[in-house]
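Below is work.txt, holding compact mmCIF, C-alpha atoms.
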# COMPACT_ATOMS: atom_id res chain seq x y z
CA MET D 1387 104.88 136.79 93.17
CA THR D 1388 106.69 134.38 90.87
CA ARG D 1389 107.97 132.39 93.84
CA MET D 1390 104.46 132.31 95.25
CA LEU D 1391 103.00 130.90 92.01
CA ARG D 1392 105.79 128.34 91.82
CA TRP D 1393 105.07 127.20 95.35
CA ILE D 1394 101.33 126.96 94.65
CA VAL D 1395 102.00 124.72 91.64
CA LEU D 1396 104.30 122.52 93.69
CA THR D 1397 101.77 122.32 96.52
CA VAL D 1398 98.89 121.35 94.23
CA THR D 1399 101.08 118.72 92.56
CA ALA D 1400 102.09 117.35 95.94
CA CYS D 1401 98.44 117.16 97.00
CA ALA D 1402 97.53 115.20 93.89
CA TYR D 1403 100.47 112.85 94.32
CA THR D 1404 99.62 112.26 97.96
CA ALA D 1405 95.97 111.60 97.20
CA ALA D 1406 96.89 109.02 94.58
CA HIS D 1407 99.35 107.16 96.80
CA ALA D 1408 97.97 107.68 100.30
CA ALA D 1409 96.07 104.39 100.27
CA GLN D 1410 99.33 102.49 100.04
CA SER D 1411 100.45 103.52 103.49
CA GLU D 1412 99.03 105.22 106.56
CA SER D 1413 102.41 106.46 107.74
CA ARG D 1414 103.73 109.88 106.82
CA VAL D 1415 107.21 110.20 105.43
CA PRO D 1416 109.00 113.03 107.25
CA SER D 1417 110.16 115.92 105.11
CA PRO D 1418 113.92 116.11 104.69
CA ALA D 1419 115.60 118.68 106.88
CA ALA D 1420 116.18 121.84 104.89
CA LYS D 1421 116.41 125.54 105.61
CA VAL D 1422 113.37 127.47 104.51
CA SER D 1423 112.84 131.20 104.52
CA ARG D 1424 110.25 132.86 106.70
CA GLN D 1425 108.72 134.52 103.64
CA LEU D 1426 108.17 131.21 101.84
CA VAL D 1427 106.66 129.59 104.93
CA GLU D 1428 104.33 132.54 105.43
CA GLN D 1429 103.21 132.25 101.81
CA LYS D 1430 102.64 128.54 102.30
CA GLU D 1431 100.61 129.24 105.46
CA ALA D 1432 98.45 131.77 103.63
CA PHE D 1433 97.73 129.28 100.87
CA VAL D 1434 96.86 126.42 103.26
CA LYS D 1435 94.61 128.83 105.17
CA ARG D 1436 92.70 129.70 102.00
CA VAL D 1437 92.33 126.02 101.09
CA LEU D 1438 90.99 125.16 104.54
CA SER D 1439 88.68 128.15 104.81
CA ASP D 1440 87.21 128.45 101.33
CA SER D 1441 87.88 125.89 98.63
CA PRO D 1442 85.62 123.56 96.61
CA ALA D 1443 87.51 120.53 97.92
CA VAL D 1444 86.94 121.42 101.58
CA ARG D 1445 83.28 122.30 100.97
CA ARG D 1446 82.83 118.95 99.23
CA ILE D 1447 84.45 117.09 102.13
CA GLU D 1448 82.33 118.88 104.71
CA ALA D 1449 79.13 118.18 102.77
CA SER D 1450 79.96 114.51 102.29
CA ASN D 1451 79.46 113.43 105.92
CA ASN D 1452 82.42 111.09 105.42
CA ALA D 1453 83.68 110.59 108.98
CA ALA D 1454 87.19 109.53 108.00
CA ALA D 1455 87.61 112.46 105.60
CA GLY D 1456 86.27 114.81 108.25
CA LYS D 1457 88.83 113.49 110.70
CA TYR D 1458 91.66 114.20 108.28
CA LEU D 1459 90.29 117.70 107.74
CA VAL D 1460 90.23 118.37 111.48
CA GLY D 1461 93.82 117.15 111.68
CA ALA D 1462 94.80 119.48 108.83
CA ARG D 1463 93.29 122.46 110.63
CA GLU D 1464 95.07 121.52 113.85
CA SER D 1465 98.39 121.28 112.00
CA HIS D 1466 97.74 124.65 110.39
CA ALA D 1467 96.96 126.23 113.78
CA LYS D 1468 100.22 124.82 115.19
CA ALA D 1469 102.08 126.23 112.19
CA VAL D 1470 100.66 129.70 112.82
CA LEU D 1471 101.82 129.51 116.44
CA SER D 1472 105.27 128.29 115.36
CA ILE D 1473 105.64 131.23 112.96
CA ARG D 1474 104.81 133.62 115.79
CA ASN D 1475 107.48 131.92 117.91
CA ASN D 1476 110.02 132.14 115.05
CA ASP D 1477 110.12 128.33 114.69
CA ILE D 1478 110.16 128.45 110.91
CA THR D 1479 111.36 124.86 110.42
CA GLY D 1480 108.64 123.55 112.73
CA ALA D 1481 106.02 125.64 110.94
CA ASP D 1482 107.11 124.28 107.58
CA ARG D 1483 106.83 120.72 108.85
CA GLN D 1484 103.36 121.36 110.29
CA LEU D 1485 102.18 122.93 107.04
CA ASN D 1486 103.45 119.89 105.15
CA ASP D 1487 101.44 117.74 107.56
CA ALA D 1488 98.36 119.84 106.85
CA THR D 1489 98.87 119.42 103.10
CA TRP D 1490 99.25 115.65 103.53
CA LEU D 1491 96.03 115.42 105.55
CA ILE D 1492 94.11 117.49 103.01
CA GLY D 1493 95.28 115.09 100.33
CA LYS D 1494 94.03 112.12 102.37
CA ALA D 1495 90.65 113.75 102.84
CA ARG D 1496 90.39 114.56 99.12
CA GLN D 1497 91.12 110.95 98.27
CA LEU D 1498 88.14 109.77 100.32
CA VAL D 1499 85.81 112.34 98.75
CA PRO D 1500 86.94 112.69 95.12
CA ASP D 1501 85.81 115.45 92.82
CA PRO D 1502 82.65 114.27 90.99
CA LEU D 1503 83.87 115.82 87.75
CA ALA D 1504 87.24 114.08 87.98
CA ARG D 1505 85.53 110.84 88.91
CA ASN D 1506 83.19 111.16 85.94
CA VAL D 1507 86.12 111.73 83.58
CA GLU D 1508 87.90 108.70 85.02
CA GLN D 1509 84.79 106.53 84.64
CA ARG D 1510 84.29 107.70 81.05
CA MET D 1511 87.90 106.88 80.18
CA ARG D 1512 87.48 103.48 81.80
CA TYR D 1513 84.29 102.93 79.80
CA ALA D 1514 86.05 103.65 76.51
CA GLN D 1515 88.92 101.36 77.50
CA ILE D 1516 86.73 98.38 78.41
CA LEU D 1517 84.45 98.87 75.40
CA GLY D 1518 87.49 98.77 73.12
CA SER D 1519 88.77 95.67 74.90
CA VAL D 1520 85.40 93.92 74.54
CA GLU D 1521 85.23 94.70 70.83
CA SER D 1522 88.78 93.43 70.27
CA LEU D 1523 88.11 90.22 72.21
CA ARG D 1524 84.79 89.70 70.41
CA ILE D 1525 86.40 89.89 66.99
CA SER D 1526 89.23 87.57 68.03
CA TYR D 1527 86.83 85.08 69.64
CA GLN D 1528 84.57 85.05 66.59
CA ARG D 1529 87.47 84.48 64.20
CA HIS D 1530 88.85 81.56 66.18
CA LEU D 1531 85.37 80.12 66.74
CA GLN D 1532 84.90 79.81 62.99
CA ARG D 1533 87.85 77.42 62.86
CA VAL D 1534 86.35 74.98 65.32
CA LYS D 1535 85.35 71.66 63.80
CA GLY D 1536 81.84 71.59 62.41
CA ARG D 1537 81.24 75.34 62.36
CA SER D 1538 80.74 77.46 59.28
CA PRO D 1539 81.60 81.18 59.31
CA GLY D 1540 77.91 82.11 59.56
CA MET D 1541 77.30 79.93 62.62
CA ALA D 1542 79.69 81.92 64.83
CA ALA D 1543 77.20 84.78 65.01
CA ASP D 1544 74.72 82.43 66.72
CA ASP D 1545 77.13 81.45 69.49
CA ALA D 1546 75.38 81.80 72.86
CA ARG D 1547 78.34 83.61 74.38
CA LEU D 1548 78.36 86.19 71.59
CA VAL D 1549 74.63 86.72 71.97
CA LYS D 1550 75.05 87.28 75.71
CA VAL D 1551 77.95 89.69 75.13
CA ALA D 1552 75.90 91.65 72.58
CA GLN D 1553 73.13 92.03 75.15
CA LEU D 1554 75.56 93.16 77.83
CA VAL D 1555 77.17 95.72 75.51
CA ALA D 1556 73.76 97.10 74.55
CA THR D 1557 72.84 97.44 78.23
CA ALA D 1558 76.15 99.13 79.01
CA LYS D 1559 75.67 101.65 76.21
CA ARG D 1560 72.18 102.53 77.48
CA LEU D 1561 73.59 103.07 80.97
CA ALA D 1562 76.43 105.20 79.62
CA ASN D 1563 74.00 107.33 77.63
CA SER D 1564 72.14 107.93 80.90
CA GLU D 1565 75.42 108.97 82.58
CA GLN D 1566 75.39 105.84 84.75
CA LEU D 1567 79.01 105.15 83.91
CA ALA D 1568 79.92 103.11 86.99
CA GLN D 1569 77.08 100.69 86.27
CA ALA D 1570 77.97 100.64 82.57
CA ASN D 1571 81.56 99.70 83.39
CA GLU D 1572 80.38 96.92 85.69
CA VAL D 1573 78.24 95.45 82.89
CA LEU D 1574 81.07 95.77 80.36
CA GLY D 1575 83.35 94.00 82.83
CA LYS D 1576 81.01 90.99 82.72
CA ALA D 1577 81.16 90.98 78.92
CA GLU D 1578 84.95 91.22 79.00
CA ARG D 1579 85.26 88.30 81.43
CA ALA D 1580 82.86 86.18 79.38
CA LEU D 1581 84.89 86.74 76.23
CA MET D 1582 88.18 86.20 78.04
CA THR D 1583 86.99 82.80 79.25
CA GLY D 1584 85.52 81.89 75.88
CA LEU D 1585 88.62 82.90 73.97
CA THR D 1586 90.94 80.82 76.15
CA GLN D 1587 88.63 77.84 75.67
CA VAL D 1588 88.40 78.12 71.90
CA LEU D 1589 92.13 78.80 71.54
CA GLY D 1590 92.84 75.55 73.35
CA THR D 1591 90.08 73.44 71.89
CA LYS D 1592 91.06 70.02 70.58
CA THR D 1593 88.38 70.10 67.89
CA ILE D 1594 90.31 72.50 65.67
CA MET D 1595 90.97 70.65 62.43
CA TYR D 1596 94.62 71.26 61.69
CA ALA D 1597 94.87 68.60 58.96
CA GLN D 1598 92.03 69.94 56.83
CA ARG D 1599 92.27 73.64 57.60
CA PHE D 1600 95.60 74.60 56.05
CA GLY D 1601 96.73 74.11 52.51
CA THR D 1602 100.30 75.29 53.20
CA LEU D 1603 102.65 75.86 56.13
CA ALA D 1604 102.45 79.57 55.37
CA GLU D 1605 98.67 79.52 56.00
CA GLU D 1606 99.19 77.62 59.22
CA TYR D 1607 101.84 80.13 60.30
CA ASP D 1608 99.45 83.04 59.68
CA TYR D 1609 96.85 81.38 61.88
CA GLU D 1610 99.33 80.61 64.65
CA LEU D 1611 100.55 84.22 64.56
CA GLU D 1612 96.99 85.45 65.04
CA ARG D 1613 96.54 82.94 67.86
CA ASN D 1614 99.71 84.17 69.55
CA ARG D 1615 98.50 87.75 69.35
CA SER D 1616 95.14 86.76 70.83
CA TYR D 1617 96.87 85.26 73.87
CA ALA D 1618 99.03 88.39 74.15
CA ASP D 1619 95.87 90.54 74.18
CA LEU D 1620 94.59 88.55 77.15
CA ILE D 1621 97.63 89.31 79.34
CA PRO D 1622 96.74 92.86 80.48
CA ILE D 1623 93.10 91.85 80.99
CA ALA D 1624 94.10 88.89 83.16
CA LEU D 1625 96.44 91.09 85.22
CA ALA D 1626 93.69 93.64 85.79
CA GLU D 1627 91.10 90.97 86.61
CA PHE D 1628 93.08 88.71 88.94
CA LYS D 1629 95.56 91.25 90.39
CA PRO D 1630 98.43 88.80 91.06
CA GLY D 1631 101.21 89.54 93.53
CA GLY D 1632 104.64 90.94 92.76
CA GLU D 1633 106.35 87.59 92.20
CA ALA D 1634 103.61 86.44 89.84
CA VAL D 1635 103.80 89.71 87.91
CA ARG D 1636 107.54 89.19 87.48
CA GLU D 1637 106.87 85.70 86.11
CA VAL D 1638 104.30 87.11 83.70
CA ARG D 1639 106.80 89.68 82.42
CA TYR D 1640 109.46 86.99 81.95
CA PHE D 1641 107.10 84.80 79.92
CA VAL D 1642 105.86 87.76 77.87
CA ASP D 1643 109.43 88.88 77.11
CA THR D 1644 110.41 85.34 76.09
CA ASN D 1645 107.41 85.14 73.78
CA ARG D 1646 108.40 88.42 72.18
CA GLN D 1647 111.86 87.07 71.43
CA LEU D 1648 110.51 83.82 70.00
CA ARG D 1649 107.90 85.63 67.93
CA GLU D 1650 110.61 87.85 66.44
CA GLN D 1651 112.60 84.72 65.57
CA ALA D 1652 109.50 83.22 63.97
CA GLN D 1653 108.91 86.33 61.89
CA GLN D 1654 112.50 86.25 60.72
CA HIS D 1655 112.16 82.59 59.70
CA ALA D 1656 108.90 83.40 57.90
CA ALA D 1657 110.56 86.23 56.01
CA GLU D 1658 113.13 83.67 54.84
CA LYS D 1659 110.27 81.33 53.78
CA ASP D 1660 111.27 78.76 56.40
CA HIS D 1661 107.74 78.36 57.79
CA ARG D 1662 108.45 75.07 59.54
CA ALA D 1663 111.09 76.74 61.74
CA ALA D 1664 108.80 79.74 62.10
CA LEU D 1665 105.99 77.54 63.41
CA THR D 1666 108.30 75.85 65.92
CA ALA D 1667 109.47 79.19 67.33
CA LEU D 1668 105.99 80.69 67.32
CA ARG D 1669 104.42 77.75 69.14
CA GLY D 1670 107.16 78.00 71.73
CA GLY D 1671 106.26 81.65 72.22
CA THR D 1672 102.57 80.84 72.53
CA ALA D 1673 103.37 78.25 75.19
CA HIS D 1674 105.13 80.97 77.18
CA LEU D 1675 102.07 83.21 76.86
CA GLN D 1676 99.94 80.39 78.23
CA SER D 1677 102.34 80.14 81.16
CA ALA D 1678 102.07 83.91 81.63
CA LEU D 1679 98.28 83.68 81.81
CA ALA D 1680 98.52 80.83 84.29
CA ALA D 1681 100.88 82.89 86.44
CA ALA D 1682 98.40 85.76 86.31
CA GLY D 1683 95.65 83.44 87.56
CA LEU D 1684 93.81 82.46 84.37
CA ARG D 1685 93.45 78.75 83.69
CA VAL D 1686 94.24 77.99 80.05
CA PRO D 1687 93.18 74.75 78.33
CA PRO D 1688 96.03 72.57 77.06
CA ASP D 1689 97.25 73.36 73.57
CA PRO D 1690 96.01 71.10 70.79
CA GLU D 1691 98.62 68.95 69.13
CA PRO D 1692 99.03 69.75 65.42
CA ARG D 1693 98.78 66.80 63.10

Using the file provided, produce a representation of the structure as structure tokens.
Amino acid sequence: MTRMLRWIVLTVTACAYTAAHAAQSESRVPSPAAKVSRQLVEQKEAFVKRVLSDSPAVRRIEASNNAAAGKYLVGARESHAKAVLSIRNNDITGADRQLNDATWLIGKARQLVPDPLARNVEQRMRYAQILGSVESLRISYQRHLQRVKGRSPGMAADDARLVKVAQLVATAKRLANSEQLAQANEVLGKAERALMTGLTQVLGTKTIMYAQRFGTLAEEYDYELERNRSYADLIPIALAEFKPGGEAVREVRYFVDTNRQLREQAQQHAAEKDHRAALTALRGGTAHLQSALAAAGLRVPPDPEPR
């Protein structure tokens, strides 16, 4: 019984893993050759039989009218039938392979017709993630907007982009309260993209008044540190939005790692009260973050020159 439970756990885990990764390739990886006992294969056959004959996943697939999922289910049943015949003919290795094929095909079918409950949980987690991202970007955008030439702190609240984002967030929350999470996430995505674009523009604006804004180098360093962090916050959003290829992702990681090193140097200089050296290192790090965003696919305005 213990061995049976262990096998069931392994089988369910394998199904989940296959469902998550099946889209990456249509080819099946053959199972490594290994001796298996008749008892274990018979237990595996009994479990696959129960899954195919009476399980919520199979009932959901059959009710979905998804032709591709139905095809995988038919293939799983055929593999199971072959496995039963192989067991009768004492071909235990062949039966094990055919049962693995059946498990793989069930996983493919489940991927095409996901569990509504699991999908709802995933959408709700995504909603919380994007809502948090929007709020973080909004605060960062508003803070930097207040430093643009000619704007007072109170004027930032009247910015057209912030007004639009507030409307989108309100709409998304209404949709989420009505359990329309997919639509809510789509609306929040628009708010996130609007803020991402706005933040890159205001971070690179040439109307920021460096000469009049800072009384000391320490104040300027604090601002530049916040600016560096704002660019760093944009990295994961840009990667998720533009989905760059492997080489571009490697470039992004290189630039991000370099920024981290330079930012640590800047913090060390600041701790020693050498804010001029801290600013030099920090601006170098920020330049690398701008390169990272460009590699990810986000166009970043040129950095203003401090005076």

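Remark: for D:Thr1586, the closest of the candidate residues D:Asn1475, D:Gln1676, D:Asn1563, D:Gln1654 is D:Gln1676 (distances computed over all atoms listed in the file).
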
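Shortest separation to D:Glu1565 among D:Ala1624, D:Val1507, D:Leu1438, D:Met1582 occurs at residue D:Val1507, atoms counted being all atoms listed in the file.
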
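Among the candidates D:Arg1446, D:Arg1649, D:Arg1496, D:His1466, the one nearest to D:Ala1481 when counting all atoms listed in the file is D:His1466.
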
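For the atom pair formed by atom CA of D:Leu1581 and atom CA of D:Gln1509, the distance is 21.5 Å, given to one decimal.
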
All residues 8 Å or closer to D:Gln1569, all atoms listed in the file, same chain fewer than 4 positions away omitted, as a JSON list (two decimals) with C-alpha atoms, keeping the file's coordinate frame:
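Dumped everything to around_18.json:
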[["chain", "number", "residue", "atom", "x", "y", "z"],
["D", 1558, "ALA", "CA", 76.15, 99.13, 79.01],
["D", 1561, "LEU", "CA", 73.59, 103.07, 80.97],
["D", 1573, "VAL", "CA", 78.24, 95.45, 82.89]]
